[in-house]
>>> print(open('start14.txt').read())   # compact mmCIF, C-alpha atoms
# COMPACT_ATOMS: atom_id res chain seq x y z
CA MET A 1 95.50 79.54 140.23
CA GLY A 2 92.93 82.07 141.42
CA GLY A 3 89.33 81.41 140.39
CA GLY A 4 90.49 78.60 138.11
CA GLY A 5 90.85 76.36 141.14
CA GLN A 6 87.07 76.09 141.50
CA LEU A 7 85.11 73.49 139.56
CA THR A 8 81.64 73.41 138.08
CA GLU A 9 79.70 71.16 135.72
CA VAL A 10 79.71 72.07 132.01
CA GLY A 11 78.29 70.32 128.99
CA GLU A 12 78.02 66.55 129.30
CA GLY A 13 78.84 66.31 132.98
CA ARG A 14 82.45 67.42 132.51
CA ALA A 15 84.15 69.29 135.31
CA ALA A 16 85.22 72.77 134.29
CA GLY A 17 86.87 75.75 135.86
CA VAL A 18 85.60 79.07 137.14
CA TYR A 19 87.86 81.83 135.90
CA THR A 20 88.56 85.49 136.41
CA TRP A 21 89.06 88.01 133.62
CA GLU A 22 92.73 88.20 134.56
CA GLU A 23 93.12 84.50 133.87
CA VAL A 24 91.23 84.69 130.57
CA GLN A 25 93.31 87.65 129.43
CA SER A 26 96.52 85.74 130.04
CA HIS A 27 95.59 83.28 127.28
CA CYS A 28 96.07 85.46 124.22
CA SER A 29 99.19 84.12 122.54
CA ARG A 30 99.34 82.50 119.11
CA ASN A 31 99.15 78.93 120.46
CA ASP A 32 97.14 79.56 123.61
CA GLN A 33 93.83 81.33 123.09
CA TRP A 34 90.76 81.64 125.28
CA LEU A 35 87.76 83.89 124.84
CA VAL A 36 84.43 84.56 126.53
CA ILE A 37 80.93 84.48 125.03
CA ASP A 38 77.97 85.15 127.34
CA ARG A 39 80.16 84.53 130.41
CA LYS A 40 81.22 81.10 129.15
CA VAL A 41 84.95 80.53 128.73
CA TYR A 42 86.15 78.71 125.59
CA ASN A 43 89.56 77.34 124.68
CA ILE A 44 89.88 77.94 120.92
CA SER A 45 93.62 77.26 120.68
CA GLN A 46 93.29 74.28 118.33
CA TRP A 47 89.90 74.97 116.79
CA ALA A 48 90.77 78.49 115.61
CA LYS A 49 92.60 77.03 112.62
CA ARG A 50 89.36 75.36 111.50
CA HIS A 51 87.19 78.44 112.04
CA PRO A 52 85.11 78.95 108.85
CA GLY A 53 85.63 82.71 108.97
CA GLY A 54 89.40 82.34 109.17
CA TYR A 55 92.00 81.89 111.89
CA ARG A 56 92.86 85.54 112.33
CA VAL A 57 89.40 87.00 112.88
CA ILE A 58 88.64 84.78 115.89
CA SER A 59 92.21 85.11 117.19
CA HIS A 60 91.78 88.89 117.38
CA TYR A 61 89.44 88.26 120.31
CA ALA A 62 91.77 85.94 122.23
CA GLY A 63 91.75 86.90 125.90
CA GLU A 64 88.66 89.08 125.43
CA ASP A 65 84.89 89.11 125.65
CA ALA A 66 83.70 88.19 122.13
CA THR A 67 79.95 88.19 122.88
CA GLU A 68 79.03 91.21 120.75
CA ALA A 69 81.20 90.19 117.82
CA PHE A 70 79.86 86.63 117.97
CA THR A 71 76.27 87.88 117.83
CA ALA A 72 77.03 90.33 115.02
CA PHE A 73 78.68 87.78 112.70
CA HIS A 74 76.38 84.77 113.14
CA PRO A 75 72.76 85.02 111.95
CA ASP A 76 71.89 81.65 113.54
CA VAL A 77 73.51 81.83 116.96
CA LYS A 78 71.83 78.69 118.29
CA PHE A 79 73.21 76.61 115.42
CA VAL A 80 76.75 77.87 115.91
CA GLN A 81 76.62 77.27 119.67
CA LYS A 82 76.52 73.51 118.98
CA PHE A 83 80.08 73.79 117.67
CA LEU A 84 81.15 75.85 120.66
CA LYS A 85 79.92 73.39 123.26
CA PRO A 86 82.93 71.01 123.08
CA LEU A 87 85.27 73.99 123.40
CA GLN A 88 83.84 75.27 126.68
CA ILE A 89 86.23 74.89 129.61
CA GLY A 90 84.35 76.87 132.22
CA VAL A 91 82.59 80.09 133.14
CA LEU A 92 83.44 83.43 134.66
CA THR A 93 83.39 83.53 138.41
CA ALA A 94 80.18 85.08 139.77
CA SER A 95 82.03 88.09 141.16
CA GLU A 96 83.34 89.07 137.71
CA PRO A 97 81.39 91.49 135.50
CA SER A 98 80.04 90.23 132.19
CA GLN A 99 82.16 92.77 130.32
CA ASP A 100 85.93 93.00 130.32
CA ARG A 101 88.28 95.96 130.64
CA ASP A 102 85.84 98.52 132.11
CA LYS A 103 83.57 98.61 129.05
CA ASN A 104 80.43 100.73 129.41
CA VAL A 105 77.71 98.35 130.60
CA SER A 106 74.91 100.80 129.78
CA ILE A 107 76.01 101.13 126.15
CA ILE A 108 76.28 97.36 125.75
CA GLN A 109 72.83 96.76 127.23
CA ASP A 110 71.19 99.52 125.18
CA PHE A 111 72.77 98.25 121.98
CA HIS A 112 71.58 94.72 122.75
CA SER A 113 68.06 96.10 123.20
CA LEU A 114 68.36 97.92 119.88
CA ARG A 115 69.36 94.72 118.14
CA MET A 116 66.40 92.87 119.66
CA GLN A 117 64.09 95.64 118.43
CA ALA A 118 65.54 95.40 114.92
CA GLU A 119 64.95 91.64 114.94
CA ARG A 120 61.35 92.06 116.11
CA GLU A 121 60.70 94.58 113.32
CA GLY A 122 62.00 92.15 110.71
CA LEU A 123 65.02 94.22 109.71
CA PHE A 124 67.14 91.08 109.34
CA ARG A 125 64.77 89.60 106.75
CA ALA A 126 65.90 89.98 103.15
CA GLN A 127 63.77 90.80 100.12
CA PRO A 128 64.74 88.21 97.46
CA LEU A 129 63.42 90.38 94.62
CA PHE A 130 65.85 93.17 95.53
CA PHE A 131 68.88 90.93 95.14
CA CYS A 132 67.50 89.17 92.04
CA LEU A 133 67.06 92.53 90.31
CA HIS A 134 70.52 93.59 91.39
CA LEU A 135 72.08 90.45 89.92
CA GLY A 136 69.99 90.90 86.80
CA HIS A 137 71.24 94.42 86.16
CA ILE A 138 74.84 93.21 86.57
CA LEU A 139 74.41 90.45 84.00
CA LEU A 140 72.61 92.88 81.68
CA LEU A 141 75.53 95.32 81.83
CA GLU A 142 77.98 92.50 81.08
CA ALA A 143 75.91 91.35 78.09
CA LEU A 144 75.44 94.90 76.80
CA ALA A 145 79.19 95.59 76.99
CA TRP A 146 79.91 92.59 74.76
CA PHE A 147 76.96 93.16 72.43
CA ILE A 148 77.90 96.71 71.40
CA ILE A 149 81.39 95.53 70.42
CA TRP A 150 80.09 92.47 68.57
CA LEU A 151 77.49 94.56 66.74
CA TRP A 152 79.28 97.83 65.97
CA GLY A 153 82.99 97.05 66.13
CA THR A 154 86.06 97.81 68.22
CA SER A 155 86.54 101.53 67.72
CA TRP A 156 88.18 103.51 70.53
CA THR A 157 84.87 105.13 71.48
CA LEU A 158 82.98 101.85 71.67
CA THR A 159 85.87 100.20 73.52
CA LEU A 160 85.77 102.98 76.11
CA LEU A 161 82.01 102.54 76.48
CA CYS A 162 82.47 98.77 76.79
CA SER A 163 85.10 99.31 79.49
CA ILE A 164 82.84 101.63 81.49
CA LEU A 165 79.95 99.17 81.31
CA GLN A 166 82.20 96.30 82.40
CA ALA A 167 83.73 98.32 85.25
CA THR A 168 80.24 99.25 86.43
CA ALA A 169 79.16 95.60 86.34
CA GLN A 170 82.31 94.51 88.18
CA SER A 171 81.88 97.14 90.89
CA GLN A 172 78.23 96.28 91.41
CA ALA A 173 79.10 92.58 91.48
CA GLY A 174 81.60 93.42 94.22
CA TRP A 175 78.83 94.90 96.35
CA LEU A 176 76.58 91.90 95.66
CA GLN A 177 79.16 89.26 96.60
CA HIS A 178 79.72 91.32 99.74
CA ASP A 179 76.04 90.79 100.62
CA PHE A 180 76.32 87.04 100.18
CA GLY A 181 79.61 86.93 102.08
CA HIS A 182 77.93 88.50 105.11
CA LEU A 183 75.13 85.89 104.99
CA SER A 184 72.58 88.67 104.63
CA VAL A 185 70.51 87.33 101.73
CA PHE A 186 69.39 83.76 102.48
CA LYS A 187 68.46 82.16 105.78
CA LYS A 188 70.65 79.15 104.98
CA SER A 189 74.36 79.93 105.04
CA ARG A 190 74.98 77.30 102.35
CA TRP A 191 72.99 79.27 99.77
CA ASN A 192 74.83 82.48 100.65
CA HIS A 193 78.20 80.75 100.26
CA MET A 194 77.19 79.21 96.94
CA LEU A 195 75.99 82.47 95.41
CA GLN A 196 79.01 84.35 96.73
CA LYS A 197 81.34 81.92 95.00
CA PHE A 198 79.39 82.33 91.77
CA VAL A 199 79.44 86.13 91.88
CA ILE A 200 82.97 86.75 93.13
CA GLY A 201 84.40 83.75 91.27
CA HIS A 202 82.59 83.40 87.95
CA VAL A 203 81.39 87.00 87.55
CA LYS A 204 84.49 88.73 88.97
CA GLY A 205 87.37 86.25 88.82
CA ALA A 206 88.37 86.50 92.48
CA SER A 207 88.27 84.26 95.58
CA ALA A 208 85.46 84.09 98.15
CA ASN A 209 87.66 82.62 100.88
CA TRP A 210 90.37 85.23 100.34
CA TRP A 211 87.79 88.01 100.57
CA ASN A 212 85.98 86.65 103.62
CA HIS A 213 89.09 85.90 105.67
CA ARG A 214 90.40 89.39 104.96
CA HIS A 215 87.15 91.32 105.22
CA PHE A 216 85.88 89.75 108.44
CA GLN A 217 89.01 90.94 110.21
CA HIS A 218 88.21 94.46 109.11
CA HIS A 219 84.72 94.16 110.58
CA ALA A 220 85.88 92.56 113.81
CA LYS A 221 88.52 95.21 114.59
CA PRO A 222 88.05 98.18 112.21
CA ASN A 223 90.90 100.68 111.92
CA ILE A 224 92.98 98.85 114.53
CA PHE A 225 96.64 98.33 113.65
CA SER A 226 97.86 94.74 113.35
CA LYS A 227 94.25 93.49 113.33
CA ASP A 228 92.50 95.29 110.48
CA PRO A 229 94.29 94.43 107.19
CA ASP A 230 92.73 97.48 105.54
CA VAL A 231 95.02 99.77 107.54
CA ASN A 232 98.12 97.71 106.78
CA MET A 233 99.58 100.14 104.26
CA LEU A 234 102.86 98.24 103.74
CA HIS A 235 104.84 101.39 104.67
CA VAL A 236 103.51 103.16 101.55
CA PHE A 237 101.25 105.44 103.62
CA VAL A 238 100.97 106.47 107.24
CA VAL A 239 97.40 106.86 108.50
CA GLY A 240 95.59 108.23 111.51
CA ALA A 241 97.20 110.40 114.15
CA THR A 242 99.28 107.79 116.04
CA GLN A 243 101.22 105.93 113.35
CA PRO A 244 102.68 109.05 111.67
CA VAL A 245 104.12 110.29 114.97
CA GLU A 246 105.52 106.84 115.79
CA TYR A 247 107.19 106.66 112.38
CA GLY A 248 108.50 110.20 112.69
CA ILE A 249 110.01 109.71 116.15
CA LYS A 250 111.70 106.50 114.96
CA LYS A 251 112.95 108.34 111.83
CA ILE A 252 111.21 105.83 109.56
CA LYS A 253 111.03 107.13 106.00
CA TYR A 254 110.14 104.50 103.43
CA MET A 255 108.33 107.17 101.44
CA PRO A 256 108.07 110.97 101.51
CA TYR A 257 104.94 110.78 103.62
CA HIS A 258 104.38 114.53 103.67
CA HIS A 259 103.52 114.15 99.97
CA GLN A 260 101.36 111.04 100.38
CA HIS A 261 98.14 112.94 99.64
CA GLN A 262 99.60 113.58 96.20
CA TYR A 263 101.14 110.21 95.29
CA PHE A 264 98.05 108.46 96.67
CA LEU A 265 96.33 109.39 93.41
CA LEU A 266 99.04 107.54 91.46
CA VAL A 267 99.43 104.52 93.73
CA GLY A 268 96.18 103.85 95.61
CA PRO A 269 93.13 103.98 93.31
CA PRO A 270 94.89 102.87 90.10
CA LEU A 271 96.83 99.89 91.46
CA LEU A 272 94.95 98.31 94.37
CA ILE A 273 92.79 95.86 92.41
CA PRO A 274 94.77 95.28 89.18
CA VAL A 275 98.10 94.79 90.96
CA TYR A 276 97.99 94.26 94.74
CA PHE A 277 94.69 92.40 95.08
CA HIS A 278 95.29 90.39 91.91
CA VAL A 279 98.67 89.11 93.09
CA GLN A 280 97.41 88.51 96.62
CA ILE A 281 94.38 86.52 95.42
CA ILE A 282 96.41 84.20 93.21
CA ARG A 283 99.09 83.69 95.86
CA THR A 284 96.47 82.97 98.55
CA MET A 285 94.54 80.44 96.50
CA ILE A 286 97.69 78.54 95.54
CA SER A 287 99.38 78.66 98.96
CA ARG A 288 96.20 77.46 100.72
CA HIS A 289 95.48 74.85 98.02
CA ASP A 290 92.08 76.45 97.54
CA TRP A 291 91.40 74.67 94.27
CA GLY A 292 87.65 75.26 94.45
CA ASP A 293 88.00 79.04 94.45
CA LEU A 294 90.74 78.77 91.82
CA ALA A 295 88.36 76.87 89.55
CA TRP A 296 85.66 79.49 90.01
CA SER A 297 88.17 82.25 89.28
CA MET A 298 89.49 80.52 86.16
CA SER A 299 85.93 80.08 84.89
CA PHE A 300 85.66 83.87 84.71
CA TYR A 301 88.83 84.25 82.65
CA LEU A 302 87.86 81.36 80.37
CA ARG A 303 84.48 82.95 79.70
CA TYR A 304 86.02 86.37 79.24
CA MET A 305 88.65 85.18 76.76
CA CYS A 306 86.13 83.17 74.78
CA CYS A 307 83.98 86.28 74.43
CA TYR A 308 86.66 88.88 73.66
CA ILE A 309 89.60 87.15 71.94
CA PRO A 310 87.57 86.77 68.72
CA LEU A 311 86.94 90.53 68.84
CA TYR A 312 90.23 91.96 70.15
CA GLY A 313 92.78 89.15 69.95
CA LEU A 314 94.76 87.91 72.95
CA PHE A 315 96.78 91.07 73.58
CA GLY A 316 93.79 93.34 73.08
CA SER A 317 91.64 91.27 75.44
CA LEU A 318 94.31 91.40 78.15
CA ALA A 319 94.62 95.16 77.68
CA LEU A 320 90.85 95.54 77.92
CA ILE A 321 90.46 93.60 81.18
CA SER A 322 93.42 95.48 82.67
CA PHE A 323 91.74 98.80 81.86
CA VAL A 324 88.47 97.56 83.34
CA ARG A 325 90.29 96.60 86.55
CA PHE A 326 91.93 100.04 86.54
CA LEU A 327 88.52 101.76 86.41
CA GLU A 328 86.97 99.39 88.95
CA SER A 329 89.86 99.96 91.35
CA HIS A 330 89.19 103.71 91.44
CA TRP A 331 85.53 103.07 92.22
CA PHE A 332 86.33 100.58 94.97
CA VAL A 333 89.06 102.60 96.67
CA TRP A 334 87.16 105.87 96.90
CA VAL A 335 83.94 104.24 98.17
CA THR A 336 85.66 102.11 100.81
CA GLN A 337 88.16 104.71 102.03
CA MET A 338 85.80 107.66 102.46
CA ASN A 339 84.00 105.80 105.26
CA HIS A 340 87.11 104.79 107.22
CA LEU A 341 90.34 106.60 106.37
CA PRO A 342 89.32 109.99 107.87
CA MET A 343 88.19 108.29 111.09
CA ASP A 344 90.10 107.23 114.20
CA ILE A 345 92.91 104.76 113.39
CA ASP A 346 94.91 103.51 116.34
CA HIS A 347 96.13 100.54 118.33
CA GLU A 348 93.75 98.26 120.23
CA LYS A 349 91.69 100.12 122.85
CA HIS A 350 89.31 97.29 123.85
CA ARG A 351 86.13 99.29 123.39
CA ASP A 352 82.57 97.99 123.31
CA TRP A 353 81.11 97.09 119.90
CA LEU A 354 79.07 100.28 119.38
CA THR A 355 81.84 102.66 120.38
CA MET A 356 84.52 100.80 118.41
CA GLN A 357 82.49 100.78 115.20
CA LEU A 358 81.34 104.41 115.47
CA GLN A 359 84.86 105.70 116.00
CA ALA A 360 86.04 103.86 112.89
CA THR A 361 83.15 104.57 110.50
CA CYS A 362 81.02 107.37 109.11
CA ASN A 363 78.05 107.58 106.76
CA ILE A 364 77.44 109.29 103.44
CA GLU A 365 74.07 110.95 102.80
CA LYS A 366 71.27 108.77 101.47
CA SER A 367 70.17 109.24 97.87
CA LEU A 368 69.22 106.86 95.07
CA PHE A 369 72.58 107.45 93.42
CA ASN A 370 74.64 107.16 96.60
CA ASP A 371 72.84 103.95 97.57
CA TRP A 372 73.49 102.39 94.15
CA PHE A 373 77.00 103.80 93.70
CA SER A 374 78.24 102.49 97.04
CA GLY A 375 76.14 99.34 97.31
CA HIS A 376 74.38 100.95 100.29
CA LEU A 377 77.75 101.21 102.04
CA ASN A 378 77.00 104.89 102.44
CA PHE A 379 75.27 103.45 105.54
CA GLN A 380 78.63 102.19 106.74
CA ILE A 381 77.80 102.68 110.41
CA GLU A 382 74.73 100.46 110.25
CA HIS A 383 76.54 97.91 108.11
CA HIS A 384 79.35 97.60 110.66
CA LEU A 385 76.99 97.36 113.60
CA PHE A 386 74.78 94.78 111.88
CA PRO A 387 76.89 93.03 109.19
CA THR A 388 74.26 90.31 108.58
CA MET A 389 71.43 92.80 108.04
CA PRO A 390 70.24 93.07 104.39
CA ARG A 391 71.44 96.36 103.01
CA HIS A 392 67.98 97.54 101.90
CA ASN A 393 67.07 97.86 105.59
CA TYR A 394 69.97 100.06 106.69
CA HIS A 395 67.98 103.27 106.25
CA ARG A 396 65.26 101.88 108.52
CA VAL A 397 67.58 101.10 111.43
CA ALA A 398 69.69 104.26 110.99
CA PRO A 399 67.38 106.59 113.02
CA LEU A 400 67.44 104.12 115.92
CA VAL A 401 71.23 103.95 115.84
CA HIS A 402 71.48 107.74 115.64
CA ALA A 403 69.21 108.14 118.68
CA LEU A 404 71.25 105.63 120.69
CA CYS A 405 74.48 107.46 119.82
CA GLU A 406 72.97 110.78 120.90
CA LYS A 407 71.89 109.23 124.21
CA HIS A 408 75.45 108.14 125.01
CA GLY A 409 77.29 111.09 123.46
CA ILE A 410 78.91 109.04 120.69
CA PRO A 411 79.55 111.05 117.49
CA TYR A 412 77.43 109.88 114.52
CA GLN A 413 78.92 111.42 111.40
CA VAL A 414 77.04 111.87 108.12
CA LYS A 415 78.75 113.57 105.17
CA THR A 416 77.94 114.52 101.61
CA LEU A 417 79.52 112.34 98.93
CA TRP A 418 81.91 115.09 97.89
CA GLN A 419 82.89 115.84 101.48
CA GLY A 420 83.60 112.14 102.02
CA LEU A 421 85.83 111.97 98.94
CA ALA A 422 87.67 115.17 99.85
CA ASP A 423 88.22 113.97 103.42
CA VAL A 424 90.28 111.05 102.09
CA ILE A 425 92.85 113.50 100.72
CA ARG A 426 92.60 115.78 103.73
CA SER A 427 93.22 112.94 106.17
CA LEU A 428 96.26 111.74 104.21
CA LYS A 429 97.68 115.26 104.18
CA HIS A 430 97.07 115.67 107.92
CA SER A 431 98.79 112.37 108.70
CA GLY A 432 101.70 113.31 106.43
CA ASP A 433 102.10 116.64 108.20
CA LEU A 434 102.13 114.89 111.59
CA TRP A 435 104.86 112.56 110.34
CA LEU A 436 106.99 115.41 109.01
CA ASP A 437 106.73 117.37 112.25
CA ALA A 438 107.71 114.33 114.33
CA TYR A 439 110.47 113.37 111.89
CA LEU A 440 112.07 116.82 112.02
CA HIS A 441 111.43 117.95 115.59
CA LYS A 442 110.98 114.94 117.92
>>> encode(input="start14.txt", output="structure tokens")
Amino acid sequence: MGGGGQLTEVGEGRAAGVYTWEEVQSHCSRNDQWLVIDRKVYNISQWAKRHPGGYRVISHYAGEDATEAFTAFHPDVKFVQKFLKPLQIGVLTASEPSQDRDKNVSIIQDFHSLRMQAEREGLFRAQPLFFCLHLGHILLLEALAWFIIWLWGTSWTLTLLCSILQATAQSQAGWLQHDFGHLSVFKKSRWNHMLQKFVIGHVKGASANWWNHRHFQHHAKPNIFSKDPDVNMLHVFVVGATQPVEYGIKKIKYMPYHHQHQYFLLVGPPLLIPVYFHVQIIRTMISRHDWGDLAWSMSFYLRYMCCYIPLYGLFGSLALISFVRFLESHWFVWVTQMNHLPMDIDHEKHRDWLTMQLQATCNIEKSLFNDWFSGHLNFQIEHHLFPTMPRHNYHRVAPLVHALCEKHGIPYQVKTLWQGLADVIRSLKHSGDLWLDAYLHK
């Protein structure tokens, strides 16, 4: 049994094994999952289903070193370690390195030092006034959208203005619930969870648990097939440089992928939120018996109908909210895709945290408009490296991250807003061309 034959004392006097990386890596199936955090080996096979962040996100690290991901996701590491203690089954043998699969030790150590520096400089401390003002401007936009219709009527011009104001409020609420979901506002996780449910549920009509379980996977393994749900295109698109060639060689043609940069404009931005996300949210809440999130979601639609049915009637109100979702979906898709879709998209490579995130993300230039428009996700690199950091501090840590990337020769990409938007189309066209070439000639 290799190193597992040795015994040591762990926890409350229990005997535990000493394991090699080879042994840890062999436990990566659906029902048999081990992982390593700070050289300690944990058996999460049963507990993964109770993981607050979702089963899949922790399972993506089965058989791997999860130290960097664990630190990135949990603002209070000492508190969470109390739950890990009963799961520990041993440690790595002394002859094994702390990192698995030939990861760059120097990069990992330097990034850890950078994180410690950011903590010392207070970059993980939130400014409550920033988030209060942000919530206030969302509620003001919502109230203004209703008030102009109530005061001046339901003409086409005023309805369009109302729709734009609502879509703006919904998009900004999406960025705000994202802050709460990453536990980046309050020190106590409970307050973050409560405010996230209010914003995404009552203000937006969606589900916090659905969002978190999906979004955390994206952060844990960005742009990695079968692990990041954001690159699961349901055969509608092929992305990156690997998938198109694989599809082409296998003669897979669900869609005319060499035209995907054109039909993307008809399928992606218009339909993601009003159709795909909407159906997925309802199905997830019902299938998981998530009645709490369902109640929060229904409170939004009850409030919305009470406000707008007297003005537009039932059919008109449904048409209005559908148009708002249509506008919001465009906003969401372009902002989220310009940071990731043009970047490296591939199968699992088992890279260190810094390298993995930098190869999957890029930034958009800082400006007052870009910061507001994207919810500070124009600093996508910093957000992915430090998901629990309050967004108003991204610009302060960015120079430190840039310097570290230069030291290790890791590309740190910053684009203009228009270049980022154009690169979405360019990347889709490039992937489509790769598919066509492989489909016809390989």
>>> closest_residue(input="start14.txt", among="A:Trp21, A:Glu64, A:Gly201, A:Leu311", to="Gln33 of chain A", atoms="only C-alpha atoms")
A:Glu64
>>> atom_distance(input="start14.txt", atom1="atom CA of Leu87 of chain A", atom2="atom CA of Thr67 of chain A")
15.2 Å
>>> atom_distance(input="start14.txt", atom1="atom CA of Phe386 of chain A", atom2="atom CA of Phe186 of chain A")
15.5 Å
>>> closest_atom_pairs(input="start14.txt", of="segment 368-414 of chain A", to="segment 111-119 of chain A", cutoff="10 Å", atoms="all atoms listed in the file", output="JSON lines")
{"residue": "A:Leu385", "atom": "CA", "partner": "A:Arg115", "partner_atom": "CA", "distance": 9.3}
{"residue": "A:Phe386", "atom": "CA", "partner": "A:Arg115", "partner_atom": "CA", "distance": 8.3}
{"residue": "A:Met389", "atom": "CA", "partner": "A:Ala118", "partner_atom": "CA", "distance": 9.4}
{"residue": "A:Asn393", "atom": "CA", "partner": "A:Ala118", "partner_atom": "CA", "distance": 9.8}
{"residue": "A:Arg396", "atom": "CA", "partner": "A:Ala118", "partner_atom": "CA", "distance": 9.1}
{"residue": "A:Val397", "atom": "CA", "partner": "A:Ala118", "partner_atom": "CA", "distance": 7.0}
{"residue": "A:Leu400", "atom": "CA", "partner": "A:Leu114", "partner_atom": "CA", "distance": 7.4}
{"residue": "A:Val401", "atom": "CA", "partner": "A:Leu114", "partner_atom": "CA", "distance": 7.8}
{"residue": "A:Leu404", "atom": "CA", "partner": "A:Phe111", "partner_atom": "CA", "distance": 7.6}
{"residue": "A:Cys405", "atom": "CA", "partner": "A:Phe111", "partner_atom": "CA", "distance": 9.6}
>>> residues_around(input="start14.txt", residues="Asp293 of chain A", least_positions_apart="6", cutoff="12 Å", atoms="only C-alpha atoms", output="VMD selection string")
chain A and resid 193 to 194 196 to 202 204 to 211 281 to 282 284 to 286 299 to 300
>>> residues_near_point(input="start14.txt", point="(86.9, 109.6, 100.3)", cutoff="12 Å", atoms="all atoms listed in the file", output="PDB file with C-alpha atoms, keeping the file's coordinate frame")
ATOM      1  CA  HIS A 261      98.140 112.940  99.640  1.00  0.00           C
ATOM      2  CA  PHE A 264      98.050 108.460  96.670  1.00  0.00           C
ATOM      3  CA  LEU A 265      96.330 109.390  93.410  1.00  0.00           C
ATOM      4  CA  GLY A 268      96.180 103.850  95.610  1.00  0.00           C
ATOM      5  CA  PRO A 269      93.130 103.980  93.310  1.00  0.00           C
ATOM      6  CA  HIS A 330      89.190 103.710  91.440  1.00  0.00           C
ATOM      7  CA  TRP A 331      85.530 103.070  92.220  1.00  0.00           C
ATOM      8  CA  PHE A 332      86.330 100.580  94.970  1.00  0.00           C
ATOM      9  CA  VAL A 333      89.060 102.600  96.670  1.00  0.00           C
ATOM     10  CA  TRP A 334      87.160 105.870  96.900  1.00  0.00           C
ATOM     11  CA  VAL A 335      83.940 104.240  98.170  1.00  0.00           C
ATOM     12  CA  THR A 336      85.660 102.110 100.810  1.00  0.00           C
ATOM     13  CA  GLN A 337      88.160 104.710 102.030  1.00  0.00           C
ATOM     14  CA  MET A 338      85.800 107.660 102.460  1.00  0.00           C
ATOM     15  CA  ASN A 339      84.000 105.800 105.260  1.00  0.00           C
ATOM     16  CA  HIS A 340      87.110 104.790 107.220  1.00  0.00           C
ATOM     17  CA  LEU A 341      90.340 106.600 106.370  1.00  0.00           C
ATOM     18  CA  PRO A 342      89.320 109.990 107.870  1.00  0.00           C
ATOM     19  CA  MET A 343      88.190 108.290 111.090  1.00  0.00           C
ATOM     20  CA  THR A 361      83.150 104.570 110.500  1.00  0.00           C
ATOM     21  CA  CYS A 362      81.020 107.370 109.110  1.00  0.00           C
ATOM     22  CA  ASN A 363      78.050 107.580 106.760  1.00  0.00           C
ATOM     23  CA  ILE A 364      77.440 109.290 103.440  1.00  0.00           C
ATOM     24  CA  SER A 374      78.240 102.490  97.040  1.00  0.00           C
ATOM     25  CA  ASN A 378      77.000 104.890 102.440  1.00  0.00           C
ATOM     26  CA  LYS A 415      78.750 113.570 105.170  1.00  0.00           C
ATOM     27  CA  THR A 416      77.940 114.520 101.610  1.00  0.00           C
ATOM     28  CA  LEU A 417      79.520 112.340  98.930  1.00  0.00           C
ATOM     29  CA  TRP A 418      81.910 115.090  97.890  1.00  0.00           C
ATOM     30  CA  GLN A 419      82.890 115.840 101.480  1.00  0.00           C
ATOM     31  CA  GLY A 420      83.600 112.140 102.020  1.00  0.00           C
ATOM     32  CA  LEU A 421      85.830 111.970  98.940  1.00  0.00           C
ATOM     33  CA  ALA A 422      87.670 115.170  99.850  1.00  0.00           C
ATOM     34  CA  ASP A 423      88.220 113.970 103.420  1.00  0.00           C
ATOM     35  CA  VAL A 424      90.280 111.050 102.090  1.00  0.00           C
ATOM     36  CA  ILE A 425      92.850 113.500 100.720  1.00  0.00           C
ATOM     37  CA  ARG A 426      92.600 115.780 103.730  1.00  0.00           C
ATOM     38  CA  SER A 427      93.220 112.940 106.170  1.00  0.00           C
ATOM     39  CA  LEU A 428      96.260 111.740 104.210  1.00  0.00           C
TER      40      LEU A 428
END
>>> closest_residue(input="start14.txt", among="A:His347, A:Arg50, A:Lys85, A:Lys221", to="Glu246 of chain A", atoms="only C-alpha atoms")
A:His347
>>> residues_around(input="start14.txt", residues="Ala220 of chain A", least_positions_apart="6", cutoff="12 Å", atoms="only C-alpha atoms", output="number ranges by chain")
A: 53-54, 56-61, 66-73, 212-214, 227-230, 348, 350-354, 356-357, 360, 384-387
>>> axis_aligned_box(input="start14.txt", around="segment 429-434 of chain A", padding_each_side="4 Å", output="lines of an AutoDock Vina configuration file")
center_x = 99.6
center_y = 114.5
center_z = 107.9
size_x = 13.1
size_y = 12.3
size_z = 15.4
>>> closest_residue(input="start14.txt", among="A:Leu377, A:Ile410, A:Cys28, A:Val41", to="Gly174 of chain A", atoms="all atoms listed in the file")
A:Leu377
>>> closest_residue(input="start14.txt", among="A:His259, A:His74, A:His134, A:Lys49", to="Gly181 of chain A", atoms="all atoms listed in the file")
A:His74
>>> residues_around(input="start14.txt", residues="Leu129 of chain A", least_positions_apart="4", cutoff="12 Å", atoms="all atoms listed in the file", output="PyMOL selection string")
chain A and resi 133-136+185-186+392
>>> write_last_selection(input="start14.txt", atoms="C-alpha atoms", output="PDB file, keeping the file's coordinate frame")
ATOM      1  CA  LEU A 133      67.060  92.530  90.310  1.00  0.00           C
ATOM      2  CA  HIS A 134      70.520  93.590  91.390  1.00  0.00           C
ATOM      3  CA  LEU A 135      72.080  90.450  89.920  1.00  0.00           C
ATOM      4  CA  GLY A 136      69.990  90.900  86.800  1.00  0.00           C
ATOM      5  CA  VAL A 185      70.510  87.330 101.730  1.00  0.00           C
ATOM      6  CA  PHE A 186      69.390  83.760 102.480  1.00  0.00           C
ATOM      7  CA  HIS A 392      67.980  97.540 101.900  1.00  0.00           C
TER       8      HIS A 392
END
>>> closest_residue(input="start14.txt", among="A:Ser329, A:Gln81, A:Ser297, A:Ser226", to="Leu272 of chain A", atoms="all atoms listed in the file")
A:Ser329
>>> closest_residue(input="start14.txt", among="A:Val414, A:Ile89, A:Leu123, A:Leu327", to="Ser184 of chain A", atoms="all atoms listed in the file")
A:Leu123
